[in-house]
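Colleague: Structure in structure tokens, see below.
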Amino acid sequence: MSRRTLRLCEVLLGLLCADLVLLLVTGSRSLLPPWAGVAPGAVWWRAVLVGLAALARFRWLAPWPRRLESGALVLGLLLLPTLVHFHIGGGRINGDGLSYYVFVRSLNVDRDFDLTNEYTHFGMIERWDLAQLTRTGLRRSIYSIGPAIVWTPFFLLGEATARVAAGLGAEVDLSGYGPDHRNAVALGSLLYGYAGLCLVYGLLRRHFPERTALAAVLLLWGGSFIHWYMVWQPTYAHAASFGIAAYALWLWDRDRGRRDLWGYAYLGLVLGVGMSVRWQNGVLLLLPGLELLERLRATGRGLLRMAGRGALLAAGAFVGASTQMMAWKALYGEWLLADPPHGADFLRLDHPFVLETLFSSRHGLLSWTPVLWLGYLGFVPLLWRRPRLAWPLFPLLAVMTYVNMCSGDWWAGASYSNRRFGSVLPLLALGMATSFEGLRRLFSGRPQLALGMLAAPFVLWNVLLAEQARRALLPRDSVVSFSRITRVSTELLSGAVGFPTTWPASWLFAWQHGQPPSRYDRLVGKYLFYRQNNLGGHVAVDTEDPALLGDGWGRLETRDGGRGRAILGEALLFAPLDVPLDLDLRLRGLATARPGEVRVAVDGREVGRFWVGAGWSEPSLRIPAAFWREGLNRVVLESAEPGILVGWASFSRTAGTR
């Protein structure tokens, strides 16, 4: 194929890409003639044309030695439906994304850190946590500045498209809040996440065959939360954080053992920027730090040279993180904060939430994203088969996981899966690739094992269907919907063995508390008082589905204008606490037969008694902190008199308790 044809193809591809980017940023403008259209559906055929042009340039017309390898081509082509998804159904600024976006707008439009006008524009100014001024007279922010820094080129792209359109006579929003700016920033975040996937692929290709590397990256993309933060919530920090962590890991691996002085400075700069995007990315400094120690140990000399490299690494990290320090200085009057702006107790390294962070139905990492089991378990054979690669990464994986377990809200707020592990995903991709290798070896000589695993879901389906028929949960001689069959089958399976992706935590819970493993899903992750969305100390008994009740309760009934459940000898309720506290317990109760006493025990120790009379009453009892423990507490209400109804139990912290 002639070079002229190849260049023509490149020009066409460049034009189509530029037109697609313009349409994604503006939502309504195009480089193509008007007949091409700019409706949401028009992005589909544009993506198809870009894909065909890319195939022509990198596969059909390219000389054989210069053709793009299949894995890289597949990743490139998969970007196109992702962009279509982003344009037609994706999100822009929502949730915490508002608090990240205000920084990029303030830095590029107002040239300052004063977020008052941005908070006012988004209706946030009256929020209790933003209403008070800091000591410097500005509004506070608990969010990092780094996303605004890495989004700035895309914000300026949105500014450029808006100003060109305004110069051509169009009515556009030049305030920095308009669609051009929002779309450009969101697109930039998507591209950072996509670049991270490509870098992970490049890293894996150095150590694994192409098919294995591609399979691991595709599973990471489709089976984890990264796509969500590329498309649905792109103005969060997590896609950019993933991209920078992947780049840092890619750089570290590429130059390991031959990194020069400026290589350390540059890696430090990348890691410093990563720290300003997500502060816990500072843990990534372990990688070059361990590398320096290893080089010193291997040579046994050159301490001064190693110190110089370490100084350049630290200097690069300082420069990269300096924007965050400037933001803190402007907002709080301090270059470095002694505690996170969330609060002094937000990160407690002596208080990890191990099982909750990994397995709770409240955004547990492995319960929401079970494919990451392959990443963690794959590190075991990785340490054995590729020790030079794995051993420096293993402490990094362990520390990053542990730090995320110690976060104040270990569930990461209104997260999809556990988004704080975004920077851990590049490490887990190595474990996933190793798991694929092991599974291929396992099945290659054992076709009967593969056949058995293929048949297992069908056998399970039949067993659950038979159980429904046995219990008369299916109509005996009529039609039934697929949704009903699957719903009842799921309930039967969950009731018997719990939520499978919460294993083994749900089994440990069942053994510890004498409850079915399915109760784990509804109990673990709730708190009486801890952080946001807590129960406010209130345990409802008078509801159709009371999550915190155990055994020993009667059916729901209504008496004297109130609802409650009877204590059947001994009735169990759970009181989930973050730390032991002095608490007052108030009980709403009614004696339907004879008045009587209700004995109260916490974790097997009696703490006092209530007297319940003929009318609804609310007696109270003080329970010192010594009776409570961290986590789920078993509160047993025991009554010798039948017919004692309880409507609710309310816990309140005593005066002086935080």
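Ordered as shown in the structure tokens, chains take letters A, B, and onward, while each chain numbers its residues from 1 and ligands are numbered from 1 in the order shown.
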Near segment 137-147 of chain A, counting only C-alpha atoms, which residues have an atom at most 10 Å away, once you skip same-chain residues fewer than 4 positions from it, shown as a ChimeraX atom specification?
Modeller: /A:96-97,99-104,107,113-116,119,125,129-133,151-152,185,189,235-241,272-279,320-328,330-333,340-343
Colleague: From the list A:Ser650, A:Ser28, A:Ser489, A:Gln512, which residue is nearest Pro40 of chain A when using only C-alpha atoms?
Modeller: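 The closest residue to Pro40 of chain A is A:Ser28.
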Colleague: With segment 202-206 of chain A as the partner and 12 Å as the cut-off, tabulate the residues of segment 57-142 of chain A that qualify, each row holding the nearest pair of atoms and their distance in Å to one decimal, using only C-alpha atoms, sorted by chain and rising number, as CSV.
Modeller:
```
residue,atom,partner,partner_atom,distance
A:Glu69,CA,A:Arg205,CA,11.1
A:Gly71,CA,A:Arg205,CA,9.6
A:Ala72,CA,A:Gly202,CA,8.7
A:Leu75,CA,A:Gly202,CA,11.2
```
Colleague: Take the residues just selected and output them with C-alpha atoms as a PDB file, in the first residue's frame.
Modeller:
```
ATOM      1  CA  GLU A  69      -1.068  -5.940  17.888  1.00  0.00           C
ATOM      2  CA  GLY A  71      -4.789  -6.648  22.122  1.00  0.00           C
ATOM      3  CA  ALA A  72      -3.963  -2.967  21.696  1.00  0.00           C
ATOM      4  CA  LEU A  75      -8.630  -1.821  23.572  1.00  0.00           C
TER       5      LEU A  75
END
```
Colleague: Using Å and a single decimal, report how far atom CA of Pro392 of chain A sits from atom CA of Asp253 of chain A.
Modeller: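 Distance between the two atoms: 10.4 Å.
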